[in-house]
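Asks: Can you keep this structure in mind? I'll have questions shortly.
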Protein chains: 2
Amino acid sequence: MHKGLQTRPNFYFILLSIVQVGLNTVEAVWPLPQTFISSSEQYRLNPQTFYFGYEMQSAAQPGCTVLDSAFKRYFSLIFLDSTSGYGALRFSVDKPFGVEISVDRDDCEGYPSEDSSEKYNLTVSAGRASLNAQTVWGALRGLESFSQLVYQDDFGSYFVNKTEIEDFPRFQFRAILLDTSRHYLPVQTILKTLDAMAYNKFNVFHWHIVDDPSFPYQSRTFPDLSAKGAFHPMTHIYTQSDVRRVISHGRLRGIRILPEFDSPGHTKSWGKGQSDLLTPCYNGGIPSGTFGPINPALPSTYTFMATLFKEVSSVFPDSYIHLGGDEVDFTCWRSNPDVRAFMQAMGFGGDFTKLEAFYMENIMNITSALNKTNIVWQDVFDYHERRSSLSVVEVWKEGCYLCEVRRVAKAGLKVILASPWYLDQPGPTHNWARYYTVWPLAFKGTEEQKKLVIGGEVCMWGEYVDATNLMPRLWPRASAAAERLWSDEQQTSNVDKAFPRLQEFRCKLLRRGIQAEPLFVGHCKHEYQGI
Amino acid sequence: MHKGLQTRPNFYFILLSIVQVGLNTVEAVWPLPQTFISSSEQYRLNPQTFYFGYEMQSAAQPGCTVLDSAFKRYFSLIFLDSTSGYGALRFSVDKPFGVEISVDRDDCEGYPSEDSSEKYNLTVSAGRASLNAQTVWGALRGLESFSQLVYQDDFGSYFVNKTEIEDFPRFQFRAILLDTSRHYLPVQTILKTLDAMAYNKFNVFHWHIVDDPSFPYQSRTFPDLSAKGAFHPMTHIYTQSDVRRVISHGRLRGIRILPEFDSPGHTKSWGKGQSDLLTPCYNGGIPSGTFGPINPALPSTYTFMATLFKEVSSVFPDSYIHLGGDEVDFTCWRSNPDVRAFMQAMGFGGDFTKLEAFYMENIMNITSALNKTNIVWQDVFDYHERRSSLSVVEVWKEGCYLCEVRRVAKAGLKVILASPWYLDQPGPTHNWARYYTVWPLAFKGTEEQKKLVIGGEVCMWGEYVDATNLMPRLWPRASAAAERLWSDEQQTSNVDKAFPRLQEFRCKLLRRGIQAEPLFVGHCKHEYQGI
């Protein structure tokens with residue numbers, strides 16, 4: 001009575017074999033480190049005598065918020081069964097086991113940035129582990145790897161094996177997009193996603209915070225935008241304090257919060273709280289009562305946008321900002337006599353891509369003056385003549401996306417690749433391999449051009465996604481992308497080899513409370529008990 | 001940056017309009033009752049003075065377990081915000097509002113069966129509602145409808161409108177299948193599914209309890225089956241007490257528990273705890289070490305099966321039992337010299353379908369002697385010559401499934417339709433309309449033949465499904481099937497009309513803690529906060 005089983009016999013056999021092996025394997029760090037040497041020599045860890053510490057020469061020392069809080073967090077993640085918390089009074093006759101950390105820079109109170117090194121070295125030997133990194137952000141990645149090395153035997157004892165790791169990310173920009181406009185996501189859901197991102201070494205949360213259906217961002221300067229544009233003005237908004245919580249939660253996990261305020265299209269909800277912002281559409285020579293994209297012909301538009309982006313730039317500390325610029329429908333602009341008159345005056349003729357480019361230029365000037373690096377969707381690149389004013393282009397369209405990556409890189413601009421990682425899309429949802437077998441640099445280009453590909457992004461659009469199904473739809477499929485973006489391509493090009501590792505990592509995610517869906521038939525020692 | 005939005009503009013507009021209407025509509029019972037008349041006359045309900053009661057002439061009276069516990073349950077479901085529980089000491093100056101129930105039969109301690117009437121009449125008028133049914137099972141359906149009629153205004157007050165409902169199910173058999181072999185589902189997840197089934201008026205839980213990957217049913221007679229065949233002998237099993245809990249939870253909600261012990265194929269896990277049960281496969285004249293379907297050539301097979309089914313028949317009170325019989329691979333049987341010799345002796349020649357039919361005949365004789373009605377998958381019908389020995393055939397294959405329904409009905413057998421409702425299948429998961437626009441009786445046949453179609457079943461196979469993703473994958477898509485199986489086809493053939501009703505019902509499911517995924521862009525007053 002089942003239609004799909006016979007189609008994947010190879011998976012099925014692999015599975016049967018890993019069920020035997022169980023969870024006690026030790027080569028399990030996901031995404032795979034660049035260099036990973038482990039031996040069967042194993043050390044017992046006792047939560048009573050386990051500690052994290054700072055090495056003498058470390059630039060960061062006790063009081064370092066990022067690392068102090070990471071020690072607490074990872075203690076709980078490593079000793080999930082243990083009742084004693086980190087730092088509690090502990091007695092034991094066992095010899096202590098310490099993870100000692102040294103970083104070159106004291107960036108404990110800062111934010112991760114596009115330049116932050118995430119490189120780390122981790123050595124686990126008898127009685128101690130040593131973790132060295134240039135930055136606290138690199139140390140966080142090392143702590144994550146260490147936590148994945150620890151395993152339990154059938155009696156509940158904790159072990160770690162002698163291990164040597166040298167690790168750094170292949171791409172600097174490894175993002176997940178959540179869309180909080182098509183459905184509102186509770187702050188808890190966003191924070192939980194940041195947790196899971198850290199387990200997967202993602203480092204950018206692309207917050208597509210507003211769009212046509214709703215405007216949940218509660219602006220200090222323009223409170224009417226959410227008061228009138230959110231699904232509900234009290235229960236379906238992100239207050240300034242919510243936003244600060246998200247930023248702080250991200251910072252402590254080495255995750256940048258990249259806000260997107262997409263315009264001039266995708267702005268219907270903006271119009272509810274800000275009059276004269278959207279273009280009035282005309283029908284038969286008179287206003288139809290409906291509105292189109294932001295009105296690029298009015299000076300007040302740019303005053304408003306400058307004020308809004310001034311606020312946004314100060315609220316979100318990251319040096320990047322996403323300006324959207326995608327899918328602008330020209331029908332309404334074309335119908336509006338004032339817009340047409342403006343086109344005439346500016347000498348654009350009937351070419352609305354020139355009007356769009358003019359609008360985007362103005363917005364980019366605003367945000368550049370605020371010291372932000374602009375990201376735009378590929379549409380802006382495609383229709384823009386003065387490409388030199390662009391900085392980072394995000395490729396999202398289907399088809400030959402590497403052709404587009406190549407064009408953008410050839411133009412000397414930075415590229416983020418999203419096309420192959422649209423995880424919200426209907427389709428064979430279980431097919432994680434589709435998100436694993438992606439080769440972002442497989443285009444003809446110089447070394448320098450390939451360096452312009454700064455990374456990739458998993459997109460989880462919100463038409464069919466909210467807090468009810470986000471987690472299983474995202475994990476562990478996004479983990480496939482995570483390994484592609486972090487690990488060496490040569491070492492991680494085999495799907496069959498990756499399968500049991502990902503299967504095991506998914507069990508770890510479950511154990512940590514992440515509602516990650518199964519890859520195929522099988523079980524985890526600790527099943528999800530959430531329902 | 002989004003690839004799917006523009007493709008469903010009609011849905012989008014519908015949505016925008018229902019967002020305005022909000023949750024205060026009153027015509028919202030899902031699945032749609034056969035006759036439903038409501039007016040704008042509204043009555044306020046006060047949890048302090050609201051009560052359920054038995055009418056004088058009712059055959060069931062206080063002490064009726066099914067109804068007493070339903071009163072408690074529905075009080076909580078109706079007054080979700082209320083702090084006072086049902087039956088607590090309550091004071092109020094408001095006039096009381098009572099839902100008074102009368103049933104014709106006192107089947108309070110029984111189980112729902114294939115013959116149980118689920119018909120009910122509900123009249124809501126000033127100060128009281130009157131609910132009449134032939135059976136307590138019908139009364140449960142009426143309580144569900146009543147609970148869906150109650151709504152809250154913006155200040156939290158509860159209301160119900162003057163309403164007149166006459167209702168009965170279109171099909172007698174409305175099932176959901178869960179597969180607890182490919183992944184283990186915690187008992188809590190099964191109970192929660194039974195809750196959601198009751199909200200949708202499903203009345204059969206088809207428990208595909210064992211299969212190739214694991215045997216989680218802990219048998220009293222053959223404890224080794226789960227001790228050796230489950231994923232884990234302690235944590236991944238259903239004890240007798242677990243099974244009793246599921247049966248009791250179902251009974252109190254008018255849901256039959258239909259167990260499936262699928263054979264002779266899909267039995268790999270059985271072989272671990274029961275030797276000489278599976279067919280040893282041969283390779284080049286010698287046993288290969290692998291095993292195939294159950295060995296139909298050994299008398300011990302039938303002794304074992306008779307003992308097992310004797311237990312199963314007493315553990316599960318329902319008069320139906322599902323015997324499987326699907327997807328039998330003949331390769332192993334063909335390779336085995338003993339099986340071939342048996343074929344010879346029985347005069348089957350080289351026709352393995354005859355061997356399969358012989359096996360199934362024997363099994364059906366066993367369960368028929370235990371007074372059970374047998375259900376088999378369509379494979380058994382397709383390859384069986386003596387079709388008269390069959391009772392109920394479940395149609396599951398793709399293609400022209402109505403052709404198969406017609407063939408089975410023409411042969412005078414009862415039919416259950418599952419083909420269009422394989423919800424675990426990869427594919428456009430959001431496309432609920434696909435499960436709504438199904439016409440089970442749209443085949444050429446006599447009235448009598450159409451009456452043989454006793455219902456339909458939603459199948460949630462377990463290859464890619466466990467407790468992490470079951471709920472959002474099942475709900476609200478199974479709700480679409482629920483309406484098709486309960487309601488009048490004429491009144492529920494329009495997808496655009498159904499959309500806002502289903503959208504609203506989905507919000508009700510959320511409010512009751514069911515992790516039902518969204519149908520499209522929008523929001524519910526109370527979003528899912530589970531994560």
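Here, A, B, ... name the chains of the structure tokens in the order displayed, residue numbers run from 1 inside each chain, and ligands are numbered from 1 in the same displayed order.
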Per residue of chain A within 7 Å of chain B, which atom pair is closest and at what distance in Å (one decimal), using only C-alpha atoms, listed by chain and increasing number, as a Markdown table?

Replies:
| residue | atom | partner | partner_atom | distance |
| --- | --- | --- | --- | --- |
| A:Met1 | CA | B:Asp326 | CA | 5.7 |
| A:Arg182 | CA | B:Val521 | CA | 5.0 |
| A:His183 | CA | B:Gly522 | CA | 5.8 |
| A:Pro186 | CA | B:Gln529 | CA | 7.0 |
| A:Gln188 | CA | B:Ile531 | CA | 6.4 |
| A:Thr189 | CA | B:Ile531 | CA | 5.6 |
| A:Phe231 | CA | B:His523 | CA | 6.8 |
| A:Asp326 | CA | B:Met1 | CA | 5.8 |
| A:Glu327 | CA | B:Met1 | CA | 6.9 |
| A:Trp377 | CA | B:Met1 | CA | 6.7 |
| A:Trp396 | CA | B:Met1 | CA | 6.1 |
| A:Pro426 | CA | B:Pro428 | CA | 4.5 |
| A:Gly427 | CA | B:Gly427 | CA | 4.7 |
| A:Pro428 | CA | B:Pro426 | CA | 4.5 |
| A:Thr429 | CA | B:Pro426 | CA | 6.0 |
| A:His430 | CA | B:Tyr464 | CA | 6.7 |
| A:Glu463 | CA | B:Val521 | CA | 4.8 |
| A:Tyr464 | CA | B:Phe520 | CA | 5.2 |
| A:Val465 | CA | B:Pro518 | CA | 6.4 |
| A:Asp466 | CA | B:Pro518 | CA | 6.8 |
| A:Ala467 | CA | B:Tyr528 | CA | 6.2 |
| A:Thr468 | CA | B:Gln515 | CA | 5.2 |
| A:Asn469 | CA | B:Pro472 | CA | 5.8 |
| A:Pro472 | CA | B:Asn469 | CA | 5.8 |
| A:Gln515 | CA | B:Thr468 | CA | 5.2 |
| A:Ala516 | CA | B:Thr468 | CA | 6.3 |
| A:Glu517 | CA | B:Thr468 | CA | 5.4 |
| A:Pro518 | CA | B:Tyr464 | CA | 5.6 |
| A:Leu519 | CA | B:Tyr464 | CA | 6.1 |
| A:Phe520 | CA | B:Tyr464 | CA | 5.2 |
| A:Val521 | CA | B:Glu463 | CA | 4.8 |
| A:Gly522 | CA | B:His183 | CA | 5.8 |
| A:His523 | CA | B:His183 | CA | 6.1 |
| A:Tyr528 | CA | B:Thr468 | CA | 6.2 |
| A:Gln529 | CA | B:Pro186 | CA | 7.0 |
| A:Ile531 | CA | B:Thr189 | CA | 5.5 |

Asks: Extract, using only C-alpha atoms, all DNA, RNA and protein residues at most 10 Å from B:Ala480, discarding same-chain residues fewer than 4 positions from it, and format them as a PyMOL selection string.

Replies: chain B and resi 30-31+200+421+432-438+475-476+484-485+495+498-499+502

Asks: Determine, counting only C-alpha atoms, which protein, DNA and RNA residues have an atom within 12 Å of an atom of A:Tyr320; residues of the same chain fewer than 4 positions away are not included. Present the result as a PyMOL selection string.

Replies: chain A and resi 112-115+173+204-207+256-261+312-314+316+364+367-368+370-376+391-393

Asks: Hey, what does DSSP flag as strand (DSSP E or B) within stretch 151-321 of chain A? Can you give it to me as an MDAnalysis selection string?

Replies: chainID A and resid 151:152 158:167 173:179 204:208 217 238 256:263 278:283 286:294 320:321

Asks: From the options A:Asn161, A:Ser319, A:Asn203, A:Ser125, which residue's atoms come nearest to A:Gly456, counting only C-alpha atoms?

Replies: A:Asn203

Asks: How far is it from atom CA of A:Tyr74 to atom CA of A:Arg506, in Å with one decimal?

Replies: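 One can read the atom CA of A:Tyr74 to atom CA of A:Arg506 distance as 17.8 Å.
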
Asks: Do you know which residues are at most 12 Å from B:Cys403 counting only C-alpha atoms, after dropping those on the same chain fewer than 3 positions away, and could you put them as a VMD selection string?

Replies: chain B and resid 395 to 400 406 to 410 417 419 440 to 445

Asks: I want to know what sits within 7 Å of stretch 77-83 of chain B, based on only C-alpha atoms, with residues of the same chain fewer than 5 positions away left out; could you give that as JSON, numbers by chain?

Replies: {"B": [47, 147, 150, 512]}

Asks: When you look at B:Leu277 with a cut-off of 6 Å (counting only C-alpha atoms), what residues show up, excluding the ones that are within fewer than 5 positions of it in the same chain? I need them as a list in words.

Replies: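 The residues satisfying every condition are Ile294, Asn295 and Thr301 of chain B.
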
Asks: Any chance you could list, as an NGL selection string, the residues in stretch 316-500 of chain B that come up helix (DSSP H, G or I) when DSSP is run on the backbone?

Replies: :B and (331-335 or 337-346 or 352-369 or 378-383 or 387-389 or 401-410 or 419-421 or 433-436 or 447-451 or 470-474 or 477-486 or 490-492 or 495-500)

Asks: Between A:Leu122, A:Leu140, A:Cys332, A:Ile366, which has the minimum distance to A:Phe352 (counting only C-alpha atoms)?

Replies: A:Cys332

Asks: So what do you get for atom CA of A:Gln449 versus atom CA of A:His322, distance-wise?

Replies: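 Calculated distance between atom CA of A:Gln449 and atom CA of A:His322 is 22.0 Å.
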
Asks: Please compute the atom CA of B:Leu298-atom CA of B:Gly350 distance, one decimal, in Å.

Replies: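 Between these atoms lies a distance of 18.2 Å.
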
Asks: For B:Val66, work out the shell of residues within 7 Å, counting only C-alpha atoms and skipping chain neighbours fewer than 4 positions away, then give it as an MDAnalysis selection string.

Replies: chainID B and resid 70 108 252
